[in-house]
Amino acid sequence: MLLLLATTHCSSVLVGSLVHSSSSALFAELIDHLLVELTRNKSRSTTRTYIQCAAAISRAAGHRMGEYLAKIFPHVVTYCQPVDDDELREYCLQAFEAFVSRCPKEVTPHVPQIIDICLDLITYDPNYNYDSEDEQETMETEDVEEEAESDEDYSDDDDMSWKVRRAAAKCLSAVLGSRPEMLADLYKTVSPKLISRFKEREENVKADVFAAYIALLQQTKLVTSRATEDDLSQSEGPIVMLQTQTPQIVRSIHKQLTEKSVKTRQGCFSLLTQLVSVLPGVLGDHLGAIVPGIQFSLNDRSSTSNMKIDTLTFLHVLLTNLPSSVFHLHVVNLVPVVVNAVGDSFYKITSEALLVTQQLVRVIRPLDHESSFDFHPFVNPLFKCTLVRLKAADIDQEVKERAIACMGQILTNLGDVLAYELTSCLPVFIDRLRNEITRLAAVKAVSMIAGSPLRLDLNAIVSSAMPLLASFLRKNNRALRLATLELLRVLVTNYGSLMSGDDFDSVMRELPPLISESDLHVSQLTFSLLTTIAGANKTSLTKIREGVLPAILNLLKSALLQGGALSALLLFLRQLVLAALPGLGFSDLLKLLTDTVYSPIPMSPTGTTFGVHKQAFHSVAKCSAVLCVACPDEGIAVVNQLVAEIKSKDTADSVRLYALLSLGEIGKDVDLSGQPELLTVIEDSFLHSSEEVKSAASHALGNVSSGNLAKFLPFVLQEIEAQPKRQYLLLHSLKEVITRQSGSPSSVDAFKPFVNSVWTLLFKHCESSEEGTRNVVAECLGKLTLINPSELLPLLQSALSSASPYARSTVVTAVKFTISDHPQAIDSLLRSCIGHFLETLQDPDLTVRRVALVTFNSAAHNKPVLVRDLLHKILPQLYGETVVRKELIREVEMGPFKHTVDDGLDIRKAAYECMYTLLDSCLERLDIFEFLSHVESALKDHYDIKMLAYLMLARLSTLAPNAVLQRLDSLIAPLSTTVHMKVKPSAVKQEFEKQDELKRSALRAVAALITIPDSDKSPALSDFVSHIKTNAELSAMFDAIQRDVASGTLEAMDTS
């Protein structure tokens, strides 16, 4: 009998393996044979074999089985309810699981029926009576004789029903892990039933029940991570239902936390860990039921190492996610078991216990708020057990690092109570700083201690640590340099009085090499440290002319200097000029900074009229402005000089550019209305031949206007009307004003009196024939709307009815500039009306539809909640724009040649960009198979579209592998066409480079496809990969791409 079963199973597996290489006709014949035999039902044994075979085929070739599923499914349902045949029931459930996993689209109509069958059979236990909890407790008190008598009547060896329950649990797990769209219904129907089955008597089945519920929680976490607070608070939403079911979960689990079965306890802790990750604070009211289980697992001698590690991991998650106050009643029970775990002989347990101890210290004495909890009884046990591990030399590296971090946390939170121990404990950190293996962990720990609000006495280590820390700045380890710079900043801030001049000098000598465009983050931290030193010991800066300043001046020439690094540099320069050191006064620093402008060293020949990159002028202008604002008396003279230089006809373009930018930067913070010739020189600069100078004049006028709105803004508005040739530049000036005034509540209030006149002016120019002008107007309108959304957003909406397509496109583009990735006052208003703006996706004008797609893309990327509920209306229009339209393709004659122009390319590209964005933000609202159909079309489209398609394909391989697997054969053909495409020998170099990049992108998609489970069973993909590897050129490319995949360096599309 066993041999027959084994032969039957092997035959089913063999058939499943062979279907990969079978032709369509042979596959259809196989399915027809299965259907005939299932209908005939000669005997139970043959029926079991054919059901097994159907499941094996589905697992091996779900993409081919899908079209026959409607015929096979009713037979499997029929055989799922036979009398006294548990084995057949098990095989039917395994077939359902295969259908759900491998035929996700075709099985969709049948999922509710599968769920009902599984919920019925997961309770199928005909030989056991599950009584209520009270009755169970009564049964536990029955004497041994009655148990023995019962055992004589029935033996578990004869019971095979557990296999049915296990198969039902596994099938439910497949459903729960693949149906995010059904989440709310699953919490109503499946969740309560699974919770009631936590009492399952068979250990293996119980593990699968836990796994099924964990799959539900994981799906919940995935879906709710994209939801808004409104979505999460819905009474019928998954989060609210999970919260209401949590007490039932805890009641079903808490007794099992003290069972002898290690596997059961591990399942309980895994489930609770996942629950906390979905609802971080949900177990706060249930610690009384959970803590005894934690104690039991950590104290129980029969607990395995993995059991203890899982328990400690859960405890760490609990301590991290719950408010500290809820633990105070239980600390007395937790500390002894954690201390014992720190002393465990197995290093992994010790390591995990130290992590828990570190978090436990934060709980017993939080530093971010007041607490009345008496933590003193627990200080010594925690300190001593950690000190033993800190001082030990012959322990695992992981334990060393976590002991250092844990002791750092103990001293940070409890150091004032341990003052008598500091002299013996702190020197250990110096030893760890000297050790190459532990120095990074030690630097981070000392940084915590030095930053503690308890202000501990660090006399014992400051003088010893400074030379060591200075030497770390020379190391190649970037993480060590970053951590050291942060530690030095904290030490100088809090303990600068303990440092000698030599200590500061040793650090200052190491800073110049850190100021470089090659690592702007390191440069930023270096500037922050210099600013701190300037405030704590300004005399130590007297020597910066020798190293630091030359490095700064060199960095100022960089095209990359901007953002955080530039802001940190400006703060340092302000602190430096206020220090008024000899040789580093206002005029000295200004001359050093502007030498780049007034005495430039020419760059390599690039055809530019400037000696340095344009970004350098912006950087130098900001630096000059900081000095002028910090020293207003000297700044007035500089402003006069800048105006005179702009006015002079003999001034070089580089100086004129710098002067205009500097005036703008100064004018942001200083009212320059007292300068009589200011407007005249800026206005004259609009006539200059250099585009850079014109742009700088526009920038200057906008920023200067922000300094005195009443004086300058009316002039700007008047000029926009009066000077049509300068309109574009003047609108940029207005944009600078609006952007500047939107920055703070006070500046918004100052700007409100001008909003109506600005709005009226902008609307006059929203029908400009120049797209550049319309884009600037749209940005101004969008940013203006943010100032007063309740009044201005309806005005934008009413403008959608304009007869001019230019006006409609400007209005829709303006909406894009009201959307950002952080919460704003306009969000609720925008959510209610964005559907009206997106109705322009049906606009007859091509340009309007394109900008509507761009706006939709911005919303989907930055605030998906705005469009998620509109997708059922938008997606058909979006997919419609991906179609190549012949009426938009035309031929243009260029001399003797004819050139084909596709006017629909831009809108198709915009549509595919939207599709890529939706994969990350609204995946659960997409029909993946319909989505894949359009990706297939994109694989045969224009170069730019193909590049997007390859990115989407790679993304889908991770997000929806089963769906991609079903379409694999149809995806391979266009990929193969691309990688084998040849460029004409007469083509220019750019064409060769373009084709080369297209091949690389296609191969990246292939590299993603082969990572899909079971993709190796696809003959088309296997043949394609084999062909790639036999071609020397393609093989070299593919190997390089796979190395990139392994190192995690593959790029993604920038959707910002």
# chains A, B, ... in the order shown; residues from 1 in each chain; ligands from 1
$ residues_around --residues "A:Gly563" --least-positions-apart "4" --cutoff "10 Å" --atoms "only C-alpha atoms" --output "VMD selection string"
chain A and resid 520 524 567 to 568
$ write_last_selection --atoms "all heavy atoms" --output "compact mmCIF listing (two decimals), in the first residue's frame"
# COMPACT_ATOMS: atom_id res chain seq x y z
N LEU A 520 29.85 65.36 1.04
CA LEU A 520 29.25 66.58 1.58
C LEU A 520 28.63 66.36 2.95
O LEU A 520 28.49 67.30 3.74
CB LEU A 520 28.21 67.13 0.61
CG LEU A 520 28.78 67.77 -0.67
CD1 LEU A 520 27.65 68.19 -1.60
CD2 LEU A 520 29.66 68.97 -0.34
N GLN A 524 29.38 68.64 6.06
CA GLN A 524 28.33 69.29 6.85
C GLN A 524 28.58 69.11 8.35
O GLN A 524 28.49 70.06 9.13
CB GLN A 524 26.97 68.69 6.47
CG GLN A 524 25.80 69.29 7.24
CD GLN A 524 24.48 68.70 6.80
OE1 GLN A 524 24.35 68.14 5.72
NE2 GLN A 524 23.47 68.82 7.65
N SER A 567 24.16 75.16 4.17
CA SER A 567 23.53 75.79 5.34
C SER A 567 24.45 75.73 6.56
O SER A 567 24.58 76.70 7.32
CB SER A 567 22.20 75.11 5.66
OG SER A 567 21.30 75.24 4.59
N ALA A 568 25.11 74.59 6.76
CA ALA A 568 26.03 74.44 7.89
C ALA A 568 27.23 75.38 7.73
O ALA A 568 27.71 75.97 8.71
CB ALA A 568 26.50 72.99 8.00
$ residues_around --residues "stretch 412-415 of chain A" --least-positions-apart "4" --cutoff "7 Å" --atoms "only C-alpha atoms" --output "MDAnalysis selection string"
chainID A and resid 361:362 365 367 408 419 448:449 452 456
$ write_last_selection --atoms "C-alpha atoms" --output "PDB file, in the first residue's frame"
ATOM      1  CA  VAL A 361      16.778  51.078  31.087  1.00  0.00           C
ATOM      2  CA  ARG A 362      14.913  53.611  28.944  1.00  0.00           C
ATOM      3  CA  ARG A 365      13.825  55.915  33.800  1.00  0.00           C
ATOM      4  CA  LEU A 367      14.537  61.066  30.121  1.00  0.00           C
ATOM      5  CA  GLY A 408      26.299  53.618  27.447  1.00  0.00           C
ATOM      6  CA  ALA A 419      28.344  58.362  40.282  1.00  0.00           C
ATOM      7  CA  MET A 448      25.126  58.992  24.268  1.00  0.00           C
ATOM      8  CA  ILE A 449      26.761  59.523  27.665  1.00  0.00           C
ATOM      9  CA  SER A 452      22.879  62.902  28.611  1.00  0.00           C
ATOM     10  CA  LEU A 456      27.780  63.377  34.328  1.00  0.00           C
TER      11      LEU A 456
END
$ residues_around --residues "A:Ile533" --least-positions-apart "5" --cutoff "8 Å" --atoms "only C-alpha atoms" --output "number ranges by chain"
A: 489, 492-493, 538, 540-541
$ closest_residue --among "A:Asn127, A:Thr847, A:Thr855, A:Gln615" --to "A:Ile819" --atoms "only C-alpha atoms"
A:Thr855
$ residues_around --residues "A:Ser937" --least-positions-apart "6" --cutoff "10 Å" --atoms "only C-alpha atoms" --output "PyMOL selection string"
chain A and resi 882-884+945-946+949+971+974
$ select_by_dssp --residues "stretch 705-856 of chain A" --states "alpha helix (DSSP H)" --output "number ranges by chain"
A: 705-707, 709-722, 727-741, 745-751, 755-764, 771-787, 789-798, 805-816, 827-838, 846-856
$ closest_residue --among "A:Ala954, A:Ala1046, A:Leu319, A:Ile972" --to "A:Pro1019" --atoms "only C-alpha atoms"
A:Ile972
$ residues_around --residues "A:Thr311" --least-positions-apart "4" --cutoff "8 Å" --atoms "only C-alpha atoms" --output "ChimeraX atom specification"
/A:266,269,294,297-298,307,315
$ write_last_selection --atoms "all heavy atoms" --output "PDB file, in the first residue's frame"
ATOM      1  N   GLN A 266       6.758  29.272  20.700  1.00  0.00           N
ATOM      2  CA  GLN A 266       7.412  30.064  19.652  1.00  0.00           C
ATOM      3  C   GLN A 266       6.376  30.643  18.683  1.00  0.00           C
ATOM      4  O   GLN A 266       6.498  31.790  18.263  1.00  0.00           O
ATOM      5  CB  GLN A 266       8.413  29.190  18.886  1.00  0.00           C
ATOM      6  CG  GLN A 266       9.709  28.966  19.652  1.00  0.00           C
ATOM      7  CD  GLN A 266      10.708  28.136  18.868  1.00  0.00           C
ATOM      8  OE1 GLN A 266      10.381  27.046  18.417  1.00  0.00           O
ATOM      9  NE2 GLN A 266      11.902  28.645  18.707  1.00  0.00           N
ATOM     10  N   PHE A 269       4.667  33.665  20.387  1.00  0.00           N
ATOM     11  CA  PHE A 269       5.503  34.870  20.416  1.00  0.00           C
ATOM     12  C   PHE A 269       5.673  35.464  19.024  1.00  0.00           C
ATOM     13  O   PHE A 269       5.716  36.695  18.860  1.00  0.00           O
ATOM     14  CB  PHE A 269       6.867  34.566  21.047  1.00  0.00           C
ATOM     15  CG  PHE A 269       6.834  34.493  22.548  1.00  0.00           C
ATOM     16  CD1 PHE A 269       7.305  33.371  23.210  1.00  0.00           C
ATOM     17  CD2 PHE A 269       6.322  35.533  23.306  1.00  0.00           C
ATOM     18  CE1 PHE A 269       7.270  33.292  24.593  1.00  0.00           C
ATOM     19  CE2 PHE A 269       6.290  35.474  24.679  1.00  0.00           C
ATOM     20  CZ  PHE A 269       6.751  34.344  25.334  1.00  0.00           C
ATOM     21  N   ILE A 294       6.410  35.267  29.397  1.00  0.00           N
ATOM     22  CA  ILE A 294       7.809  35.664  29.162  1.00  0.00           C
ATOM     23  C   ILE A 294       8.696  35.103  30.269  1.00  0.00           C
ATOM     24  O   ILE A 294       9.768  34.538  30.001  1.00  0.00           O
ATOM     25  CB  ILE A 294       7.908  37.205  29.102  1.00  0.00           C
ATOM     26  CG1 ILE A 294       7.152  37.742  27.881  1.00  0.00           C
ATOM     27  CG2 ILE A 294       9.365  37.652  29.073  1.00  0.00           C
ATOM     28  CD1 ILE A 294       7.025  39.247  27.838  1.00  0.00           C
ATOM     29  N   SER A 297       9.153  31.218  29.815  1.00  0.00           N
ATOM     30  CA  SER A 297      10.056  30.779  28.744  1.00  0.00           C
ATOM     31  C   SER A 297      11.518  31.085  29.057  1.00  0.00           C
ATOM     32  O   SER A 297      12.414  30.354  28.633  1.00  0.00           O
ATOM     33  CB  SER A 297       9.661  31.450  27.425  1.00  0.00           C
ATOM     34  OG  SER A 297       8.488  30.889  26.913  1.00  0.00           O
ATOM     35  N   LEU A 298      11.769  32.181  29.778  1.00  0.00           N
ATOM     36  CA  LEU A 298      13.152  32.521  30.102  1.00  0.00           C
ATOM     37  C   LEU A 298      13.675  31.741  31.307  1.00  0.00           C
ATOM     38  O   LEU A 298      14.895  31.572  31.466  1.00  0.00           O
ATOM     39  CB  LEU A 298      13.270  34.029  30.363  1.00  0.00           C
ATOM     40  CG  LEU A 298      13.052  34.926  29.136  1.00  0.00           C
ATOM     41  CD1 LEU A 298      13.137  36.396  29.520  1.00  0.00           C
ATOM     42  CD2 LEU A 298      14.068  34.628  28.034  1.00  0.00           C
ATOM     43  N   MET A 307      14.100  29.277  21.599  1.00  0.00           N
ATOM     44  CA  MET A 307      12.913  29.705  22.347  1.00  0.00           C
ATOM     45  C   MET A 307      13.222  30.958  23.159  1.00  0.00           C
ATOM     46  O   MET A 307      12.458  31.922  23.186  1.00  0.00           O
ATOM     47  CB  MET A 307      12.473  28.550  23.271  1.00  0.00           C
ATOM     48  CG  MET A 307      11.269  28.878  24.155  1.00  0.00           C
ATOM     49  SD  MET A 307       9.715  28.941  23.245  1.00  0.00           S
ATOM     50  CE  MET A 307       9.433  30.690  23.122  1.00  0.00           C
ATOM     51  N   LEU A 315      10.094  40.542  23.658  1.00  0.00           N
ATOM     52  CA  LEU A 315      10.148  41.493  24.779  1.00  0.00           C
ATOM     53  C   LEU A 315      10.761  42.819  24.329  1.00  0.00           C
ATOM     54  O   LEU A 315      10.295  43.899  24.727  1.00  0.00           O
ATOM     55  CB  LEU A 315      10.954  40.889  25.932  1.00  0.00           C
ATOM     56  CG  LEU A 315      11.112  41.761  27.186  1.00  0.00           C
ATOM     57  CD1 LEU A 315       9.756  42.214  27.720  1.00  0.00           C
ATOM     58  CD2 LEU A 315      11.885  41.001  28.267  1.00  0.00           C
TER      59      LEU A 315
END
$ decode --residues "stretch 466-499 of chain A" --atoms "C-alpha atoms" --output "compact mmCIF listing (two decimals), in the first residue's frame"
# COMPACT_ATOMS: atom_id res chain seq x y z
CA MET A 466 40.37 63.81 22.60
CA PRO A 467 43.66 62.64 20.98
CA LEU A 468 42.07 59.29 20.16
CA LEU A 469 39.03 60.93 18.61
CA ALA A 470 41.22 63.28 16.60
CA SER A 471 43.11 60.28 15.20
CA PHE A 472 39.83 58.63 14.17
CA LEU A 473 39.17 61.52 11.78
CA ARG A 474 42.07 60.24 9.67
CA LYS A 475 40.66 56.73 9.33
CA ASN A 476 39.15 55.41 6.11
CA ASN A 477 36.10 54.08 7.96
CA ARG A 478 33.40 56.59 6.98
CA ALA A 479 30.93 55.46 9.66
CA LEU A 480 33.66 56.00 12.28
CA ARG A 481 34.40 59.51 10.97
CA LEU A 482 30.71 60.46 11.05
CA ALA A 483 30.19 59.11 14.57
CA THR A 484 33.40 60.80 15.79
CA LEU A 485 32.39 64.20 14.39
CA GLU A 486 29.04 63.93 16.17
CA LEU A 487 30.71 62.88 19.44
CA LEU A 488 33.18 65.76 19.23
CA ARG A 489 30.33 68.22 18.67
CA VAL A 490 28.48 66.90 21.74
CA LEU A 491 31.64 66.92 23.87
CA VAL A 492 32.54 70.48 22.89
CA THR A 493 28.96 71.63 23.53
CA ASN A 494 28.65 70.07 26.99
CA TYR A 495 32.23 69.63 28.20
CA GLY A 496 34.21 72.26 26.29
CA SER A 497 35.37 73.80 29.60
CA LEU A 498 37.26 70.59 30.41
CA MET A 499 39.30 70.74 27.21
